[in-house]
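Since the structure comes first, as structure tokens, the remarks are kept for the end.
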Amino acid sequence: MSHAQGLPRIVAQRTVVGFRLDEAWSGPTVGATSRQSNLEEWFVLPFAGSVLHPGILRYSFEFRPTFRQAGSTDLPSSLNSRSLGFSSDVTLLSAKPVHLDFNLDRSTGRTSGGFGTRGEFEFHGLGAGLTWMNRLLPMTARIDTRTGSSLTEVGPDRIPIARDDGSLRGRVSMRNRKLEAVAEWTNVHDRLRDTRLESRNMFVNHRFRWGKGSELVSRWRRTDRSGSISQMRSAWSEQIRIQHTTSARTTLTYSRSLSEGTGARASSRTLGWNFTTRPFPGVTLGGRASASTSDFEGGRQRNVSAGPQGSFRFGLPADIRLSGGAFAGYVLRDLDGSTGGLVPVLNEEHEIGPTRAVTLDQSRVDPTSIEVRSRDETILYEPGIDYEVISLGGLTEIQIPVGSRILIDDKIIVSYRFRIAIDSREEGAVTRFDVGLSRSGVSLRHTRSERATEFSGTGAPVTGDFRQHSTSVSANLSLPFGRLRAGIMDRRRRSATIGYDLLEGSASFLFPVWNGVQSSIDAGGSRARDRDGRTSRLSIGVSTSWAVRPELQLTGTITALRWRQHSDLTERSYSASGGLTWRVGRFQARALYHHSNRDRASSRYTGNRLTMDIARRF
């Protein structure tokens, strides 16, 4: 039938049949091991079509019956699960400036087995979205609701465990070259326990430009949570950049923040000034200053810093680049506090520099309260792997080790709590300079900083005097047999109470082997020493990928890690994994095996996991 006849048009898509096997066995290297297996079989019957015309109303539908079976050496019988589900999507007026889309899904099933477990479950969701493709201010809006209920009887005594909850989520966003505004909210309701969690998040960013580089940037954000976790935080900032000439500009910033939650309240105000000019090619001179005041329950803290700054960048013979910078200034930290108070700090922003270390703004931080996230808050980094917390007297440093997901020039936000325990005043001078040479992918950089202050008040100095320097060498080279990335850094810090040394290096070599085979070798190590002892790390990994044919690919990875902290704790671990992906016509198969082993002084552990997916389209 043609669309002009106004009749529905239904097209059956390809049916998919497949199964998945997921098997894992683990335990101590000596003694009994546990084993778990999951087998899942499914088939999909999809349909799609349109009414009147694809640009007016389109729809799709999938029917997915599924059978799951799980077993474990710890269970007297297998755990079985059967479910029946479907989903559908409808798009209305997709070819128009304003169009709508709807989705619906539902699944229901039963479980049995294990320790006499019996249960039933049911989940369903409904969502709708609207898009307005306006040339001046495009807008999208979406709302989704989801409910779920289940009743499970556990064990021979048939102990009932019930669940009945629902959620409502919505989001409205508008964005063009000058304005970005987003409002989103979430409401979760546990009907059995009569508890709610409500969250609202709104932010507005506006940018206005004029002249040959001048601009005004405004940012506002507010987050509210109520229910079992109550919290409120808001932030507002204005930044104006005035481009006086092509080589001179002034930047002024003002920000306010407020946070309330868990019985604590804190607010802060910050004012900043920065001026730069280029009197000669390759030379930048100027100055910067900042002043902030933080109020919290039981005290107030003021911070002031100001001083001149400069940088340079020149070309030398033999294609060598010389660059560097310096800052010298006055600093003040004035604290009026009371003993015993914990003050929250939310979303303190830092940028990762060449030293891969940042110092938190506040002192006497509770290390157990530290959370590090990406700037857009989508990634929660893992302590001990992505970052390490180092105590430097009263200050706390976030250090990024080799192999972290956090890279140089990344911006992170840190949330934590700190304790107000003294009334004190520190003021004095700080100096910092760095210089570097680079040529053809190889760079050498040295950084040195020093602080000399006077302290008055009760307790001990928060920061105190210190001297710190770091030297690093890095290389990114294309060689005849592949690409090499390597680096080494030596960093030292000295004060009356701290002696801290860090030496670390890393290297990665990517090279082709033969006929579609690519391999890489990665190695890294570090040695840190302070007055409490020494920490050493050493890791090496090898990975290989082989595109046998366009439809067949093989991958393999081996990683070994040895970690030693002080002299009384040593840990060795290694892991290996291999994968296969095979696509031939309508047939697809994937297999992945992973093995890990950890050996510590007091325990040993080994784990294995095998996952297989096979699907066939008809």
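Each chain in the structure tokens gets a letter, A, B, ..., in the order shown, and its residues are numbered from 1; ligands are numbered from 1 in order too.
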Strand (DSSP E) positions in stretch 84-235 of chain A, given as JSON, numbers by chain: {"A": [84, 85, 86, 87, 88, 89, 90, 91, 92, 98, 99, 100, 101, 102, 103, 104, 105, 106, 107, 108, 109, 110, 111, 112, 113, 117, 118, 119, 120, 121, 122, 123, 124, 125, 126, 127, 128, 129, 130, 131, 132, 139, 140, 141, 142, 143, 144, 145, 146, 147, 148, 149, 150, 151, 152, 153, 154, 159, 160, 161, 162, 163, 164, 165, 166, 167, 168, 169, 170, 171, 172, 173, 174, 175, 179, 180, 181, 182, 183, 184, 185, 186, 187, 188, 189, 190, 195, 196, 197, 198, 199, 200, 201, 202, 203, 204, 205, 206, 207, 208, 209, 210, 214, 215, 216, 217, 218, 219, 220, 221, 222, 223, 224, 225, 226, 227, 231, 232, 233, 234, 235]}
Got a sec: who's within 7 Å of A:Ser234, counting only C-alpha atoms, leaving out chain neighbours fewer than 5 positions off, as a CSV table (one decimal) with N, CA and C atoms, in the first residue's frame?
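And here's out-v9.csv as it stands now:
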chain,number,residue,atom,x,y,z
A,221,ARG,N,23.9,28.1,39.5
A,221,ARG,CA,23.5,26.7,39.7
A,221,ARG,C,22.9,26.5,41.0
A,222,ARG,N,21.9,25.7,41.1
A,222,ARG,CA,21.3,25.4,42.4
A,222,ARG,C,20.8,23.9,42.4
A,223,THR,N,21.1,23.2,43.5
A,223,THR,CA,20.7,21.8,43.7
A,223,THR,C,20.1,21.7,45.1
A,257,SER,N,28.8,31.3,47.0
A,257,SER,CA,28.3,29.9,47.1
A,257,SER,C,27.7,29.7,48.5
A,258,LEU,N,26.7,28.8,48.5
A,258,LEU,CA,26.0,28.5,49.8
A,258,LEU,C,25.7,27.1,49.8
A,259,SER,N,26.0,26.4,50.9
A,259,SER,CA,25.6,25.0,51.1
A,259,SER,C,25.0,24.7,52.5
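When only C-alpha atoms are used to compute distances to A:Ala496, the closest of the residues A:Ala452, A:Glu62, A:Gly516, A:Trp236 turns out to be A:Ala452.
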Test item: residues at most 7 Å from stretch 505-508 of chain A, only C-alpha atoms, excluding those fewer than 2 positions along its chain, as a ChimeraX atom specification: /A:402,484-489,510,520-526
Contacts of A:Ser107 within 6 Å, only C-alpha atoms, excl. fewer than 5 positions in-chain, as a list in words: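 Listing them by chain and then by number gives Leu84, Gly85, Glu122 and Phe123 of chain A.
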Env of A:Ser369: 9 Å cut, atoms = only C-alpha atoms, seq-sep filter 4 positions within chain, self excluded. Answer as a PDB file with N, CA and C atoms, in the first residue's frame.
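Saved as result01.pdb:
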ATOM      1  N   VAL A 365      41.671  18.616  56.719  1.00  0.00           N
ATOM      2  CA  VAL A 365      40.605  17.937  55.981  1.00  0.00           C
ATOM      3  C   VAL A 365      40.426  16.527  56.524  1.00  0.00           C
ATOM      4  N   SER A 415      34.890  17.375  46.720  1.00  0.00           N
ATOM      5  CA  SER A 415      34.012  17.661  47.858  1.00  0.00           C
ATOM      6  C   SER A 415      34.598  16.985  49.095  1.00  0.00           C
ATOM      7  N   TYR A 416      34.549  17.686  50.229  1.00  0.00           N
ATOM      8  CA  TYR A 416      35.142  17.139  51.456  1.00  0.00           C
ATOM      9  C   TYR A 416      34.624  17.932  52.646  1.00  0.00           C
ATOM     10  N   ARG A 417      35.062  17.537  53.829  1.00  0.00           N
ATOM     11  CA  ARG A 417      34.771  18.269  55.059  1.00  0.00           C
ATOM     12  C   ARG A 417      36.084  18.572  55.769  1.00  0.00           C
ATOM     13  N   PHE A 418      36.145  19.752  56.426  1.00  0.00           N
ATOM     14  CA  PHE A 418      37.347  20.102  57.169  1.00  0.00           C
ATOM     15  C   PHE A 418      36.940  20.592  58.557  1.00  0.00           C
TER      16      PHE A 418
END
